[in-house]
Amino acid sequence: MAVSTQFTKFSGSPMDDPILYRSMVGALQYATLTRPDIQFVANKVCQFMHRPTVDHWAAVKRILRYLQSTVDHGLLFEKQSSINIYAFFDDDWAGCLDDRKSTGGFAIFHGNNLISWSARK
């Protein structure tokens, strides 16, 4: 998803079949177990499950195209000789245009192995 993409509750016209949207977003949530690289965008599209629009659906299709082109990516755990732990965190303070809440996330690595991550609003 482009960094500058801003969604609101009412951006675009309502979808004809919101059940399809909810089904695909649920599948994306399941995929985040092994694909933490889509955690943030999956969280973003989950925020509009109550009233999905055509713009929100376009974002879901973009995520699915990304997954299709990176099917060989995923979590890989390698044996580590070092005990270095790295942590990364990012926030967008009051970035949601609807309720002015923040979205943030973190990733913790043991060497090259991702061991914990989270994204939340």
# chains A, B, ... in the order shown; residues from 1 in each chain; ligands from 1
>>> residues_around(residues="Phe106 (chain A)", least_positions_apart="4", cutoff="7 Å", atoms="only C-alpha atoms", output="PyMOL selection string")
chain A and resi 88-90+117-119
>>> write_last_selection(atoms="C-alpha atoms", output="compact mmCIF listing (two decimals), in the first residue's frame")
# COMPACT_ATOMS: atom_id res chain seq x y z
CA PHE A 88 11.89 -1.49 15.38
CA PHE A 89 8.84 0.66 16.07
CA ASP A 90 6.78 3.06 13.95
CA TRP A 117 5.52 -8.25 15.87
CA SER A 118 2.35 -6.25 16.29
CA ALA A 119 0.31 -3.58 14.53
>>> closest_atom_pairs(of="region 92-118 of chain A", to="region 46-69 of chain A", cutoff="12 Å", atoms="only C-alpha atoms", output="tab-separated table")
residue	atom	partner	partner_atom	distance
A:Cys96	CA	A:Gln47	CA	10.2
A:Asp98	CA	A:Gln47	CA	10.8
A:Asp99	CA	A:Gln47	CA	11.4
A:Lys101	CA	A:Gln47	CA	11.9
A:Thr103	CA	A:Gln47	CA	11.2
>>> residues_around(residues="region 82-85 of chain A", least_positions_apart="2", cutoff="6 Å", atoms="only C-alpha atoms", output="list in words")
Gln80, Phe109, His110 and Gly111 of chain A
>>> select_by_dssp(residues="region 27-98 of chain A", states="alpha helix (DSSP H)", output="list in words")
Ala27, Leu28, Gln29, Tyr30, Ala31, Gln39, Phe40, Val41, Ala42, Asn43, Lys44, Val45, Cys46, Val54, Asp55, His56, Trp57, Ala58, Ala59, Val60, Lys61, Arg62, Ile63, Leu64, Arg65, Tyr66, Leu67, Gln68 and Ser69 of chain A
>>> atom_distance(atom1="CA of Glu78 (chain A)", atom2="CA of Gln29 (chain A)")
25.0 Å
>>> select_by_dssp(residues="chain A", states="strand (DSSP E)", output="PDB file with C-alpha atoms, in the first residue's frame")
ATOM      1  CA  ILE A  85      18.232  -8.563  19.500  1.00  0.00           C
ATOM      2  CA  TYR A  86      16.910  -5.712  17.361  1.00  0.00           C
ATOM      3  CA  ALA A  87      13.613  -3.876  17.788  1.00  0.00           C
ATOM      4  CA  PHE A  88      11.890  -1.489  15.384  1.00  0.00           C
ATOM      5  CA  PHE A  89       8.837   0.656  16.066  1.00  0.00           C
ATOM      6  CA  ASP A  90       6.780   3.056  13.954  1.00  0.00           C
ATOM      7  CA  ASP A  91       3.762   5.280  14.649  1.00  0.00           C
ATOM      8  CA  ASP A  92       1.549   7.708  12.832  1.00  0.00           C
ATOM      9  CA  THR A 103      -1.678   3.438  14.328  1.00  0.00           C
ATOM     10  CA  GLY A 104       1.545   1.850  15.470  1.00  0.00           C
ATOM     11  CA  GLY A 105       3.517  -1.304  15.173  1.00  0.00           C
ATOM     12  CA  PHE A 106       6.730  -3.024  16.174  1.00  0.00           C
ATOM     13  CA  ALA A 107       8.969  -5.869  15.060  1.00  0.00           C
ATOM     14  CA  ILE A 108      11.544  -7.670  17.213  1.00  0.00           C
ATOM     15  CA  PHE A 109      14.334  -9.726  15.657  1.00  0.00           C
ATOM     16  CA  HIS A 110      16.748 -12.249  17.139  1.00  0.00           C
ATOM     17  CA  ASN A 113      14.778 -14.141  12.750  1.00  0.00           C
ATOM     18  CA  LEU A 114      11.557 -12.250  13.391  1.00  0.00           C
ATOM     19  CA  ILE A 115      10.315 -13.406  16.783  1.00  0.00           C
ATOM     20  CA  SER A 116       7.544 -10.921  17.626  1.00  0.00           C
ATOM     21  CA  TRP A 117       5.517  -8.253  15.872  1.00  0.00           C
ATOM     22  CA  SER A 118       2.350  -6.246  16.291  1.00  0.00           C
ATOM     23  CA  ALA A 119       0.313  -3.576  14.527  1.00  0.00           C
ATOM     24  CA  ARG A 120      -2.639  -1.870  16.151  1.00  0.00           C
TER      25      ARG A 120
END
>>> atom_distance(atom1="CA of Ser102 (chain A)", atom2="CA of Asp17 (chain A)")
29.3 Å
>>> atom_distance(atom1="CA of Gly26 (chain A)", atom2="CA of Ala42 (chain A)")
9.0 Å
>>> closest_residue(among="A:Lys121, A:Asp37, A:Leu20, A:Met15", to="Gly95 (chain A)", atoms="only C-alpha atoms")
A:Lys121
